[in-house]
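Chemist: I am sharing my_file_11.txt, which consists of compact mmCIF, C-alpha atoms and all ligand atoms:
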```
# COMPACT_ATOMS: atom_id res chain seq x y z
CA MET A 28 -6.17 -24.57 -23.38
CA THR A 29 -6.32 -27.87 -25.28
CA SER A 30 -4.42 -30.31 -23.12
CA LEU A 31 -3.73 -30.29 -19.43
CA SER A 32 -0.53 -31.40 -17.79
CA THR A 33 -2.34 -33.39 -15.10
CA PRO A 34 -5.22 -35.83 -15.42
CA ALA A 35 -8.58 -34.62 -14.19
CA GLY A 36 -9.07 -35.12 -10.48
CA PHE A 37 -6.76 -36.52 -7.85
CA ASP A 38 -6.73 -38.57 -4.69
CA PRO A 39 -6.36 -36.10 -1.82
CA LEU A 40 -5.18 -38.85 0.48
CA GLU A 41 -2.38 -40.13 -1.71
CA GLY A 42 0.89 -39.94 0.22
CA VAL A 43 -0.83 -38.83 3.44
CA SER A 44 0.27 -40.77 6.53
CA GLU A 45 -1.88 -41.86 9.48
CA ASP A 46 -0.94 -38.74 11.42
CA GLY A 47 -1.69 -36.32 8.61
CA VAL A 48 1.81 -35.81 7.19
CA MET A 49 1.84 -35.42 3.41
CA ALA A 50 4.69 -36.80 1.33
CA PRO A 51 6.72 -34.04 -0.38
CA ALA A 52 5.32 -33.09 -3.78
CA GLU A 53 6.12 -30.89 -6.76
CA TYR A 54 4.42 -27.52 -6.71
CA ASP A 55 4.08 -24.86 -9.41
CA ALA A 56 3.62 -21.88 -7.10
CA ILE A 57 3.00 -20.71 -3.54
CA LEU A 58 -0.30 -19.08 -2.64
CA LEU A 59 0.02 -16.56 0.18
CA ALA A 60 -3.56 -16.37 1.45
CA SER A 61 -4.67 -13.59 3.76
CA PHE A 62 -7.63 -11.71 5.19
CA GLY A 63 -7.59 -8.59 3.00
CA GLY A 64 -8.61 -5.08 3.96
CA PRO A 65 -9.98 -1.83 2.51
CA GLU A 66 -7.72 0.49 0.51
CA GLY A 67 -9.80 3.69 0.75
CA GLN A 68 -12.88 5.19 2.41
CA GLU A 69 -15.25 3.86 -0.26
CA ASP A 70 -14.05 0.30 0.35
CA VAL A 71 -14.77 0.26 4.09
CA ILE A 72 -18.45 -0.73 4.14
CA PRO A 73 -18.27 -3.21 1.21
CA PHE A 74 -15.26 -4.85 2.93
CA LEU A 75 -17.09 -5.12 6.26
CA ARG A 76 -20.09 -6.63 4.47
CA ASN A 77 -17.80 -9.23 2.87
CA VAL A 78 -16.31 -10.14 6.25
CA THR A 79 -19.57 -10.41 8.15
CA ARG A 80 -21.91 -11.89 5.53
CA GLY A 81 -24.17 -14.41 7.28
CA ARG A 82 -22.41 -13.96 10.62
CA GLY A 83 -25.04 -12.12 12.67
CA ILE A 84 -22.76 -9.23 13.60
CA PRO A 85 -24.93 -6.29 14.82
CA ASP A 86 -24.94 -3.11 12.68
CA GLU A 87 -23.71 -1.04 15.64
CA ARG A 88 -20.58 -3.17 15.78
CA LEU A 89 -19.96 -2.65 12.05
CA GLU A 90 -20.36 1.11 12.42
CA GLU A 91 -17.96 1.06 15.34
CA VAL A 92 -15.36 -0.97 13.41
CA ALA A 93 -15.81 1.29 10.37
CA THR A 94 -14.61 4.23 12.49
CA HIS A 95 -11.30 2.42 13.13
CA TYR A 96 -10.69 2.18 9.38
CA ARG A 97 -12.04 5.69 8.72
CA ALA A 98 -9.53 7.14 11.20
CA ASN A 99 -6.79 5.55 9.09
CA GLY A 100 -8.01 7.06 5.80
CA GLY A 101 -10.20 4.03 5.09
CA ILE A 102 -7.04 1.99 4.63
CA SER A 103 -6.13 -1.21 6.41
CA PRO A 104 -2.39 -1.64 6.83
CA ILE A 105 -2.76 -5.35 6.11
CA ASN A 106 -2.42 -5.16 2.33
CA GLU A 107 0.84 -3.23 2.43
CA GLN A 108 2.12 -5.72 5.00
CA ASN A 109 1.22 -8.64 2.74
CA ARG A 110 2.91 -7.00 -0.24
CA ALA A 111 6.01 -6.63 1.91
CA LEU A 112 5.77 -10.25 3.08
CA LYS A 113 5.32 -11.49 -0.49
CA ALA A 114 8.41 -9.53 -1.58
CA ALA A 115 10.39 -10.85 1.39
CA LEU A 116 9.38 -14.45 0.62
CA GLU A 117 10.37 -14.00 -3.02
CA GLY A 118 13.72 -12.65 -1.86
CA GLU A 119 14.34 -15.58 0.50
CA LEU A 120 13.25 -18.20 -2.08
CA ASP A 121 15.54 -16.56 -4.61
CA ARG A 122 18.44 -16.45 -2.15
CA ARG A 123 18.06 -20.22 -1.64
CA GLY A 124 17.81 -20.83 -5.38
CA ILE A 125 14.22 -22.11 -5.15
CA GLN A 126 12.16 -21.34 -8.23
CA LEU A 127 8.62 -20.99 -6.97
CA PRO A 128 6.52 -17.93 -7.80
CA VAL A 129 4.54 -16.41 -4.91
CA LEU A 130 0.91 -15.51 -5.62
CA TRP A 131 -1.13 -13.46 -3.16
CA GLY A 132 -4.89 -13.66 -2.64
CA ASN A 133 -7.33 -12.58 0.05
CA ARG A 134 -10.57 -13.91 1.50
CA ASN A 135 -12.29 -10.54 1.92
CA TRP A 136 -10.77 -7.99 -0.48
CA ALA A 137 -8.90 -7.68 -3.77
CA PRO A 138 -6.81 -9.39 -4.95
CA TYR A 139 -9.49 -12.02 -4.29
CA ILE A 140 -8.57 -15.70 -4.01
CA LYS A 141 -11.02 -16.51 -6.79
CA ASP A 142 -9.26 -14.25 -9.30
CA VAL A 143 -5.84 -15.48 -8.27
CA LEU A 144 -6.91 -19.12 -8.80
CA GLN A 145 -8.08 -18.27 -12.33
CA GLU A 146 -4.82 -16.43 -13.07
CA ALA A 147 -2.81 -19.34 -11.71
CA HIS A 148 -4.69 -21.76 -13.91
CA ASP A 149 -4.30 -19.51 -16.96
CA ALA A 150 -0.56 -19.35 -16.27
CA GLY A 151 -0.48 -23.15 -16.55
CA TYR A 152 -0.09 -23.92 -12.84
CA ARG A 153 -1.71 -27.15 -11.71
CA ARG A 154 -0.64 -27.53 -8.10
CA LEU A 155 -0.30 -24.78 -5.51
CA LEU A 156 0.90 -24.81 -1.91
CA MET A 157 -1.01 -22.40 0.30
CA VAL A 158 0.48 -20.53 3.26
CA THR A 159 -2.02 -18.54 5.32
CA THR A 160 -1.33 -15.49 7.48
CA SER A 161 -3.24 -17.17 10.32
CA VAL A 162 -1.33 -19.67 12.42
CA TYR A 163 -3.62 -21.24 15.07
CA SER A 164 -6.50 -23.71 14.84
CA CYS A 165 -10.05 -22.40 14.85
CA TYR A 166 -12.77 -21.92 12.26
CA SER A 167 -11.59 -18.38 11.31
CA SER A 168 -7.91 -19.30 11.08
CA CYS A 169 -8.03 -22.80 9.60
CA ARG A 170 -11.26 -24.13 8.12
CA GLN A 171 -12.51 -20.80 6.78
CA TYR A 172 -9.42 -20.60 4.58
CA ARG A 173 -9.77 -24.23 3.50
CA GLU A 174 -13.44 -23.60 2.74
CA ASP A 175 -12.86 -20.42 0.77
CA LEU A 176 -10.39 -22.35 -1.40
CA GLY A 177 -12.83 -25.24 -1.78
CA ILE A 178 -15.80 -23.00 -2.61
CA ASN A 179 -13.82 -20.91 -5.11
CA LEU A 180 -12.33 -23.94 -6.83
CA VAL A 181 -15.81 -25.42 -7.26
CA GLU A 182 -17.38 -22.11 -8.37
CA THR A 183 -14.68 -21.45 -10.98
CA GLY A 184 -14.89 -25.05 -12.19
CA LEU A 185 -11.16 -25.41 -11.59
CA ASP A 186 -11.54 -28.04 -8.88
CA LYS A 187 -10.49 -30.99 -11.07
CA THR A 188 -7.53 -29.29 -12.80
CA LEU A 189 -6.02 -27.07 -10.11
CA ARG A 190 -5.01 -28.64 -6.84
CA VAL A 191 -4.25 -26.62 -3.71
CA ASP A 192 -2.53 -28.10 -0.66
CA LYS A 193 -1.68 -26.18 2.49
CA VAL A 194 1.28 -26.00 4.88
CA ARG A 195 0.52 -26.96 8.47
CA GLN A 196 -0.77 -24.42 11.01
CA TYR A 197 2.53 -23.02 12.26
CA PHE A 198 1.79 -21.40 15.63
CA ASP A 199 4.69 -23.22 17.29
CA HIS A 200 7.21 -23.06 14.46
CA PRO A 201 10.37 -21.25 15.63
CA GLY A 202 9.96 -18.82 12.73
CA PHE A 203 6.76 -17.55 14.35
CA VAL A 204 7.72 -17.90 18.03
CA GLU A 205 11.31 -16.59 18.04
CA PRO A 206 10.47 -13.08 16.82
CA PHE A 207 8.07 -12.87 19.78
CA VAL A 208 10.81 -13.99 22.18
CA GLU A 209 13.02 -11.13 20.97
CA GLY A 210 10.13 -8.67 20.94
CA VAL A 211 8.95 -9.49 24.45
CA ARG A 212 12.49 -9.25 25.81
CA ASP A 213 12.97 -5.80 24.22
CA SER A 214 9.55 -4.59 25.33
CA LEU A 215 10.20 -5.72 28.87
CA ALA A 216 13.40 -3.67 28.93
CA LYS A 217 11.44 -0.65 27.67
CA VAL A 218 8.79 -1.00 30.37
CA ARG A 219 11.54 -1.33 33.01
CA ASP A 220 13.11 1.88 31.65
CA GLN A 221 9.75 3.68 31.79
CA LEU A 222 9.29 2.58 35.38
CA ALA A 223 12.83 3.58 36.33
CA ALA A 224 12.31 7.02 34.77
CA ALA A 225 9.24 7.41 36.99
CA GLY A 226 11.23 6.44 40.08
CA LYS A 227 9.63 2.97 40.32
CA ASP A 228 12.74 0.88 39.79
CA ASN A 229 11.35 -2.40 41.01
CA GLY A 230 7.77 -1.82 39.86
CA LYS A 231 5.85 -5.03 39.33
CA ILE A 232 5.33 -5.97 35.67
CA GLU A 233 2.80 -8.36 34.13
CA ILE A 234 2.86 -9.78 30.62
CA LEU A 235 -0.44 -9.90 28.75
CA PHE A 236 -0.51 -12.22 25.75
CA SER A 237 -3.40 -11.11 23.57
CA THR A 238 -5.25 -12.95 20.84
CA HIS A 239 -8.48 -12.65 18.89
CA SER A 240 -11.54 -13.65 20.87
CA ILE A 241 -13.81 -16.16 19.15
CA PRO A 242 -17.20 -17.59 20.13
CA THR A 243 -16.69 -20.25 22.83
CA ALA A 244 -18.61 -22.69 20.60
CA ASP A 245 -15.98 -22.16 17.85
CA ALA A 246 -13.23 -22.60 20.43
CA GLU A 247 -14.72 -25.94 21.50
CA ALA A 248 -14.88 -27.07 17.86
CA ALA A 249 -11.30 -25.97 17.13
CA GLY A 250 -8.73 -28.52 15.99
CA PRO A 251 -9.32 -32.17 15.18
CA ARG A 252 -12.59 -33.70 16.30
CA ASP A 253 -10.85 -36.92 17.36
CA VAL A 254 -8.21 -35.44 19.68
CA GLU A 255 -8.86 -34.20 23.25
CA PHE A 256 -7.17 -31.07 24.58
CA GLU A 257 -6.57 -30.73 28.30
CA GLU A 258 -6.96 -26.98 28.16
CA GLY A 259 -10.45 -27.05 26.71
CA SER A 260 -9.74 -26.41 23.07
CA ALA A 261 -6.99 -26.57 20.51
CA TYR A 262 -7.20 -22.79 20.06
CA VAL A 263 -6.68 -22.02 23.74
CA ALA A 264 -4.18 -24.86 24.26
CA GLN A 265 -2.01 -23.70 21.34
CA HIS A 266 -1.89 -20.14 22.67
CA LEU A 267 -1.12 -21.22 26.25
CA ALA A 268 1.63 -23.55 25.02
CA ASN A 269 3.12 -20.67 23.05
CA CYS A 270 2.98 -18.33 26.08
CA ARG A 271 4.99 -20.89 28.06
CA ALA A 272 7.43 -21.47 25.21
CA ILE A 273 8.08 -17.73 25.05
CA MET A 274 8.34 -17.20 28.83
CA ASP A 275 10.76 -20.14 29.11
CA ARG A 276 13.08 -18.47 26.61
CA ILE A 277 13.33 -15.10 28.37
CA PRO A 278 15.49 -15.29 31.52
CA GLU A 279 14.82 -11.56 32.15
CA ALA A 280 11.12 -12.41 32.55
CA ALA A 281 11.65 -15.19 35.11
CA GLY A 282 9.08 -15.05 37.89
CA LEU A 283 6.82 -12.48 36.21
CA ASP A 284 3.08 -13.12 36.14
CA TRP A 285 1.50 -13.53 32.72
CA GLN A 286 -1.92 -14.34 31.33
CA LEU A 287 -3.68 -15.01 28.05
CA VAL A 288 -6.32 -12.38 27.27
CA TYR A 289 -8.68 -11.74 24.37
CA GLN A 290 -9.43 -8.79 22.12
CA SER A 291 -11.61 -7.65 19.21
CA ARG A 292 -14.79 -9.40 20.33
CA SER A 293 -17.70 -8.86 17.98
CA GLY A 294 -20.99 -10.73 17.66
CA SER A 295 -24.08 -10.42 19.82
CA PRO A 296 -23.54 -9.75 23.55
CA HIS A 297 -25.75 -12.80 24.19
CA THR A 298 -23.31 -15.16 22.50
CA PRO A 299 -20.44 -16.24 24.76
CA TRP A 300 -16.96 -15.43 23.43
CA LEU A 301 -13.58 -16.21 24.99
CA GLU A 302 -12.67 -13.97 27.95
CA PRO A 303 -11.24 -11.99 29.70
CA ASP A 304 -11.20 -9.01 27.40
CA ILE A 305 -7.80 -7.34 27.45
CA ASN A 306 -9.21 -4.05 28.75
CA ASP A 307 -10.96 -5.77 31.65
CA ALA A 308 -7.76 -7.66 32.44
CA ILE A 309 -5.77 -4.40 32.46
CA ALA A 310 -8.31 -2.79 34.78
CA GLU A 311 -7.65 -5.54 37.36
CA LEU A 312 -3.88 -4.98 37.41
CA PRO A 313 -3.49 -1.97 39.76
CA ALA A 314 -5.32 -3.85 42.53
CA LYS A 315 -2.69 -6.61 42.18
CA GLY A 316 0.06 -4.04 42.67
CA VAL A 317 1.12 -4.15 38.99
CA GLU A 318 2.71 -0.95 37.66
CA GLY A 319 3.88 -1.96 34.19
CA VAL A 320 2.50 -4.07 31.33
CA VAL A 321 3.94 -5.74 28.26
CA ILE A 322 1.22 -6.38 25.67
CA VAL A 323 2.05 -9.22 23.30
CA PRO A 324 -0.03 -9.55 20.10
CA LEU A 325 0.42 -13.33 20.14
CA GLY A 326 -2.52 -14.08 17.83
CA PHE A 327 -1.29 -12.07 14.84
CA VAL A 328 1.43 -12.10 12.22
CA SER A 329 1.43 -8.38 11.34
CA ASP A 330 0.48 -4.93 12.67
CA HIS A 331 -2.93 -4.80 11.00
CA MET A 332 -6.02 -2.96 12.21
CA GLU A 333 -6.78 -5.31 15.11
CA VAL A 334 -3.30 -4.56 16.44
CA ILE A 335 -2.98 -0.84 15.76
CA TRP A 336 -6.52 -0.05 16.91
CA ASP A 337 -7.55 -2.59 19.52
CA LEU A 338 -4.11 -2.75 21.16
CA ASP A 339 -2.17 0.43 20.30
CA THR A 340 -5.16 2.73 20.61
CA GLU A 341 -7.65 1.15 23.02
CA ALA A 342 -5.59 -1.08 25.30
CA MET A 343 -2.78 1.49 25.54
CA GLU A 344 -5.35 4.12 26.48
CA THR A 345 -6.69 1.86 29.23
CA CYS A 346 -3.12 1.53 30.55
CA SER A 347 -2.49 5.25 30.50
CA GLU A 348 -5.80 6.03 32.24
CA LEU A 349 -4.69 3.71 35.05
CA GLY A 350 -1.19 5.18 35.16
CA LEU A 351 0.44 1.92 34.08
CA ALA A 352 3.73 1.91 32.18
CA ALA A 353 3.14 -0.09 29.00
CA HIS A 354 4.66 -1.24 25.74
CA ARG A 355 3.27 -3.34 22.91
CA ALA A 356 5.64 -5.99 21.56
CA PRO A 357 6.03 -6.30 17.76
CA THR A 358 4.31 -8.85 15.52
CA PRO A 359 6.58 -11.06 13.33
CA GLY A 360 5.85 -8.86 10.26
CA ILE A 361 8.79 -9.42 7.92
CA HIS A 362 11.28 -10.38 10.63
CA GLU A 363 13.99 -12.38 8.89
CA LYS A 364 13.37 -15.43 11.11
CA PHE A 365 9.67 -15.34 10.25
CA VAL A 366 10.33 -15.12 6.51
CA ALA A 367 12.96 -17.88 6.67
CA GLY A 368 10.55 -19.96 8.77
CA ILE A 369 7.83 -19.77 6.14
CA VAL A 370 10.28 -20.81 3.47
CA ASP A 371 11.31 -23.75 5.72
CA LEU A 372 7.63 -24.71 5.99
CA ILE A 373 7.41 -24.65 2.21
CA CYS A 374 10.54 -26.80 1.94
CA GLU A 375 9.00 -29.40 4.29
CA ARG A 376 6.48 -30.03 1.55
CA THR A 377 8.55 -29.88 -1.61
CA VAL A 378 10.56 -32.66 -3.23
CA GLU A 379 13.34 -30.30 -4.18
CA ASN A 380 15.14 -28.59 -1.27
CA ASN A 381 13.18 -30.80 1.09
CA ILE A 382 13.56 -30.22 4.83
CA ALA A 383 12.78 -33.45 6.65
CA ASP A 384 13.06 -32.05 10.18
CA ARG A 385 9.81 -30.45 11.35
CA PRO A 386 10.58 -28.13 14.22
CA ALA A 387 7.90 -27.32 16.80
CA LEU A 388 8.49 -25.47 20.07
CA THR A 389 5.49 -26.87 21.95
CA ASN A 390 4.50 -30.46 22.57
CA LEU A 391 1.27 -29.94 20.61
CA GLY A 392 3.15 -29.73 17.31
CA PRO A 393 4.23 -30.20 14.64
CA TRP A 394 0.64 -29.77 13.46
CA TYR A 395 -0.99 -31.80 10.64
CA ASP A 396 -0.33 -30.99 6.96
CA VAL A 397 -3.74 -32.42 6.16
CA CYS A 398 -6.41 -31.63 8.73
CA ARG A 399 -8.00 -34.42 10.76
CA PRO A 400 -11.69 -35.29 10.35
CA GLY A 401 -14.07 -32.45 11.22
CA CYS A 402 -11.17 -30.13 12.03
CA CYS A 403 -12.31 -26.64 13.15
CA ALA A 404 -15.90 -27.44 12.16
CA ASN A 405 -18.18 -24.86 10.59
CA LEU A 406 -21.05 -24.80 13.07
CA ARG A 407 -23.36 -23.24 10.47
CA GLY A 408 -23.13 -26.15 8.06
CA GLU A 409 -20.66 -28.06 5.99
CA LYS A 410 -19.04 -26.52 2.87
CA PRO A 411 -16.49 -27.90 0.42
CA THR A 412 -12.92 -27.73 1.77
CA ILE A 413 -9.37 -28.52 0.69
CA ALA A 414 -6.48 -29.92 2.73
CA GLY A 415 -8.46 -32.15 5.07
CA VAL A 416 -8.59 -35.95 5.16
CA ASP A 417 -12.36 -35.55 4.72
CA SER A 418 -12.07 -33.02 1.85
CA THR A 419 -13.84 -33.98 -1.37
CA VAL A 420 -12.84 -31.10 -3.66
CA GLY A 421 -11.01 -32.38 -6.74
CA ARG A 422 -11.56 -36.07 -6.00
CA GLN A 423 -11.50 -38.28 -9.07
C1 LIG B 1 -9.31 -15.70 14.96
C2 LIG B 1 -9.35 -14.42 14.15
C3 LIG B 1 -8.28 -13.76 13.58
C4 LIG B 1 -6.82 -14.17 13.65
C5 LIG B 1 -6.45 -15.08 12.54
C6 LIG B 1 -6.35 -14.39 11.20
O1 LIG B 1 -5.52 -13.50 11.06
O2 LIG B 1 -7.13 -14.72 10.30
C7 LIG B 1 -8.80 -12.61 12.89
C8 LIG B 1 -8.04 -11.72 12.14
C9 LIG B 1 -8.48 -10.58 11.50
N1 LIG B 1 -9.71 -10.01 11.61
C10 LIG B 1 -9.75 -8.89 10.82
C11 LIG B 1 -10.86 -8.04 10.64
C12 LIG B 1 -12.14 -8.34 11.07
N2 LIG B 1 -12.55 -9.46 11.76
C13 LIG B 1 -13.92 -9.39 11.99
C14 LIG B 1 -14.71 -10.32 12.64
C15 LIG B 1 -14.28 -11.53 13.23
N3 LIG B 1 -12.96 -11.97 13.35
C16 LIG B 1 -12.95 -13.21 13.97
C17 LIG B 1 -11.84 -13.98 14.26
C18 LIG B 1 -10.53 -13.66 13.83
N4 LIG B 1 -10.15 -12.58 13.08
C19 LIG B 1 -14.31 -13.56 14.25
C20 LIG B 1 -14.75 -14.85 14.91
C21 LIG B 1 -15.12 -12.52 13.81
C22 LIG B 1 -16.64 -12.45 13.85
C23 LIG B 1 -17.23 -12.62 12.49
C24 LIG B 1 -16.94 -13.99 11.91
O3 LIG B 1 -17.32 -14.99 12.52
O4 LIG B 1 -16.28 -14.04 10.86
C25 LIG B 1 -14.40 -8.17 11.40
C26 LIG B 1 -15.86 -7.73 11.38
C27 LIG B 1 -16.10 -6.58 12.29
C28 LIG B 1 -15.85 -6.95 13.74
O5 LIG B 1 -16.78 -7.40 14.35
O6 LIG B 1 -14.71 -6.77 14.19
C29 LIG B 1 -13.29 -7.52 10.85
C30 LIG B 1 -13.28 -6.19 10.13
C31 LIG B 1 -8.47 -8.73 10.18
C32 LIG B 1 -8.10 -7.60 9.19
C33 LIG B 1 -7.52 -6.44 9.94
C34 LIG B 1 -7.21 -5.30 9.02
O7 LIG B 1 -8.05 -4.93 8.17
O8 LIG B 1 -6.10 -4.76 9.12
C35 LIG B 1 -7.70 -9.77 10.60
C36 LIG B 1 -6.28 -10.07 10.20
FE FE B 2 -11.26 -10.87 12.79
```
Taking this structure as input, can you express it in the form of structure tokens?
Modeler:
Amino acid sequence: MTSLSTPAGFDPLEGVSEDGVMAPAEYDAILLASFGGPEGQEDVIPFLRNVTRGRGIPDERLEEVATHYRANGGISPINEQNRALKAALEGELDRRGIQLPVLWGNRNWAPYIKDVLQEAHDAGYRRLLMVTTSVYSCYSSCRQYREDLGINLVETGLDKTLRVDKVRQYFDHPGFVEPFVEGVRDSLAKVRDQLAAAGKDNGKIEILFSTHSIPTADAEAAGPRDVEFEEGSAYVAQHLANCRAIMDRIPEAAGLDWQLVYQSRSGSPHTPWLEPDINDAIAELPAKGVEGVVIVPLGFVSDHMEVIWDLDTEAMETCSELGLAAHRAPTPGIHEKFVAGIVDLICERTVENNIADRPALTNLGPWYDVCRPGCCANLRGEKPTIAGVDSTVGRQ
């Protein structure tokens, strides 16, 4: 390519307000960024090595997790779900007459973010808007994505000619929350039916909101460094706020007990991670007189391996061993409200079809378009990032 449409480098803070809102801009394409997963038995170990490189995850844990993938033919459902989400986003953009191509790239498996950035550049794109399939604030869900973009832009040498911004973390956007409201309501009715069929018409039900456990040190570093969270950390506070937002919207669930629990812990047993584990929490329920459980996969956008194994296989088994009626609520997946919500988030950031109103269903949001200083710090050392007020990638 002889001439470029944009001058080399940019000011990442141009148009960014005090509170991290970025003025609408013109984008060439959307980048749907996700985790990635294996697509066959021979991919399983290389994928797990990609995920855990430099993370100190014991080999026994990797072998254990490999069996979850092996049982599913070595295939993670996540890639198919992302293809479906990409198609649904294209459909919704098209329906609204918005001409923005959707690219898809993963952190840990093909199509890799690095290759997608090169393809985007070769196609003449100079500014992308990234949407991630992770919605809360913590290293794994926020900074790790911003870092992988930063590192790949620097490594490909595209950092001065290809700019990537990111939509805000959208845990409390109605597009993410409302599908859960519907799903929890339906699941509650199913558990009530199961109990009725067993002659336990007024059996006590508890709602377990489940999310990915993370090291407590990562939880403490989650979110902006310069903002205090009453509930210990941005990660925990965002989840608890969402639990309340969902409970408040389901009259049928009025008065039911609920709690936030954690799943999919890895790492060394000596490192503290967020607790209680969902299986331990379930084991405590019979003693409280609980006879039915609704399991809500609040930390996830689709039914990937952490959902179909850790919840549908393990947690459901724990319930059945204890004789508890149970149902797992759906993830947003390609729910029409979720898809429309993501397109709304894109429109918040674009000059054309701009949406000025920024809905948020908790009082923590709307979250920052451009992360605050030190947001979701990498406790192992600083790497180049995008989409933070302290990002340096692409600076003139
Ligand atoms: C917060 C969070 C989310 C939610 C936000 C988001 O969605 O991003 C998430 C999602 C996912 N996690 C996934 C898979 C894995 N996560 C692992 C390991 C880890 N996850 C962590 C955190 C999170 N993970 C952490 C702190 C580790 C320890 C290692 C490290 O510090 O990085 C490992 C290694 C083996 C193990 O120990 O489990 C695997 C295989 C898949 C793909 C599933 C599929 O293939 O369908 C998805 C969507
Ligand atoms: Fe994970």
Chemist: Write out as a list in words which residues come within 9 Å of His148 of chain A when counting only C-alpha atoms, dropping same-chain ones fewer than 5 positions away.
Modeler: Val143, Arg153, Leu185, Thr188 and Leu189 of chain A
Chemist: Store the residues picked out above, limited to C-alpha atoms, as a PDB file, keeping the file's coordinate frame.
Modeler:
```
ATOM      1  CA  VAL A 143      -5.840 -15.480  -8.270  1.00  0.00           C
ATOM      2  CA  ARG A 153      -1.710 -27.150 -11.710  1.00  0.00           C
ATOM      3  CA  LEU A 185     -11.160 -25.410 -11.590  1.00  0.00           C
ATOM      4  CA  THR A 188      -7.530 -29.290 -12.800  1.00  0.00           C
ATOM      5  CA  LEU A 189      -6.020 -27.070 -10.110  1.00  0.00           C
TER       6      LEU A 189
END
```
Chemist: Tell me, counting all atoms listed in the file, for each residue of chain A within 8 Å of ligand FE 2 (chain B), which pair of atoms is nearest and how far apart they are in Å to one decimal, in rows ordered by chain and increasing number, as CSV.
Modeler:
```
residue,atom,partner,partner_atom,distance
A:Ser167,CA,B:FE2,FE,7.7
A:His239,CA,B:FE2,FE,6.9
A:Ser291,CA,B:FE2,FE,7.2
A:Glu333,CA,B:FE2,FE,7.5
```
Chemist: May I have the residues within 7 Å of ligand LIG 1 (chain B), computed using all atoms listed in the file, as a PyMOL selection string?
Modeler: chain A and resi 62-65+75+78-79+82+84+88-89+92+103-105+160-162+165+167-168+239-242+291-294+326-327+331-333
Chemist: What is the distance between atom CA of Thr298 of chain A and atom CA of Thr243 of chain A, in Å to one decimal?
Modeler: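 If I compute the distance from atom CA of Thr298 of chain A to atom CA of Thr243 of chain A, I get 8.4 Å.
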Chemist: In Å, rounded to a single decimal, give me how far atom CA of Met157 of chain A is from atom CA of Glu41 of chain A.
Modeler: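 Atom CA of Met157 of chain A lies at a distance of 17.9 Å from atom CA of Glu41 of chain A.
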Chemist: Using all atoms listed in the file, which residues sit within 10 Å of segment 391-403 of chain A once same-chain residues fewer than 5 positions away are excluded, as a CSV table (one decimal) with C-alpha atoms, keeping the file's coordinate frame?
Modeler:
```csv
chain,number,residue,atom,x,y,z
A,39,PRO,CA,-6.4,-36.1,-1.8
A,40,LEU,CA,-5.2,-38.8,0.5
A,43,VAL,CA,-0.8,-38.8,3.4
A,44,SER,CA,0.3,-40.8,6.5
A,45,GLU,CA,-1.9,-41.9,9.5
A,46,ASP,CA,-0.9,-38.7,11.4
A,47,GLY,CA,-1.7,-36.3,8.6
A,48,VAL,CA,1.8,-35.8,7.2
A,49,MET,CA,1.8,-35.4,3.4
A,50,ALA,CA,4.7,-36.8,1.3
A,163,TYR,CA,-3.6,-21.2,15.1
A,164,SER,CA,-6.5,-23.7,14.8
A,165,CYS,CA,-10.0,-22.4,14.8
A,166,TYR,CA,-12.8,-21.9,12.3
A,167,SER,CA,-11.6,-18.4,11.3
A,168,SER,CA,-7.9,-19.3,11.1
A,169,CYS,CA,-8.0,-22.8,9.6
A,170,ARG,CA,-11.3,-24.1,8.1
A,171,GLN,CA,-12.5,-20.8,6.8
A,173,ARG,CA,-9.8,-24.2,3.5
A,192,ASP,CA,-2.5,-28.1,-0.7
A,193,LYS,CA,-1.7,-26.2,2.5
A,194,VAL,CA,1.3,-26.0,4.9
A,195,ARG,CA,0.5,-27.0,8.5
A,196,GLN,CA,-0.8,-24.4,11.0
A,197,TYR,CA,2.5,-23.0,12.3
A,198,PHE,CA,1.8,-21.4,15.6
A,199,ASP,CA,4.7,-23.2,17.3
A,200,HIS,CA,7.2,-23.1,14.5
A,245,ASP,CA,-16.0,-22.2,17.8
A,246,ALA,CA,-13.2,-22.6,20.4
A,247,GLU,CA,-14.7,-25.9,21.5
A,248,ALA,CA,-14.9,-27.1,17.9
A,249,ALA,CA,-11.3,-26.0,17.1
A,250,GLY,CA,-8.7,-28.5,16.0
A,251,PRO,CA,-9.3,-32.2,15.2
A,252,ARG,CA,-12.6,-33.7,16.3
A,253,ASP,CA,-10.8,-36.9,17.4
A,254,VAL,CA,-8.2,-35.4,19.7
A,256,PHE,CA,-7.2,-31.1,24.6
A,261,ALA,CA,-7.0,-26.6,20.5
A,262,TYR,CA,-7.2,-22.8,20.1
A,264,ALA,CA,-4.2,-24.9,24.3
A,265,GLN,CA,-2.0,-23.7,21.3
A,268,ALA,CA,1.6,-23.6,25.0
A,269,ASN,CA,3.1,-20.7,23.0
A,375,GLU,CA,9.0,-29.4,4.3
A,376,ARG,CA,6.5,-30.0,1.6
A,385,ARG,CA,9.8,-30.4,11.4
A,386,PRO,CA,10.6,-28.1,14.2
A,409,GLU,CA,-20.7,-28.1,6.0
A,413,ILE,CA,-9.4,-28.5,0.7
A,414,ALA,CA,-6.5,-29.9,2.7
A,415,GLY,CA,-8.5,-32.2,5.1
A,416,VAL,CA,-8.6,-36.0,5.2
A,417,ASP,CA,-12.4,-35.6,4.7
A,418,SER,CA,-12.1,-33.0,1.8
```
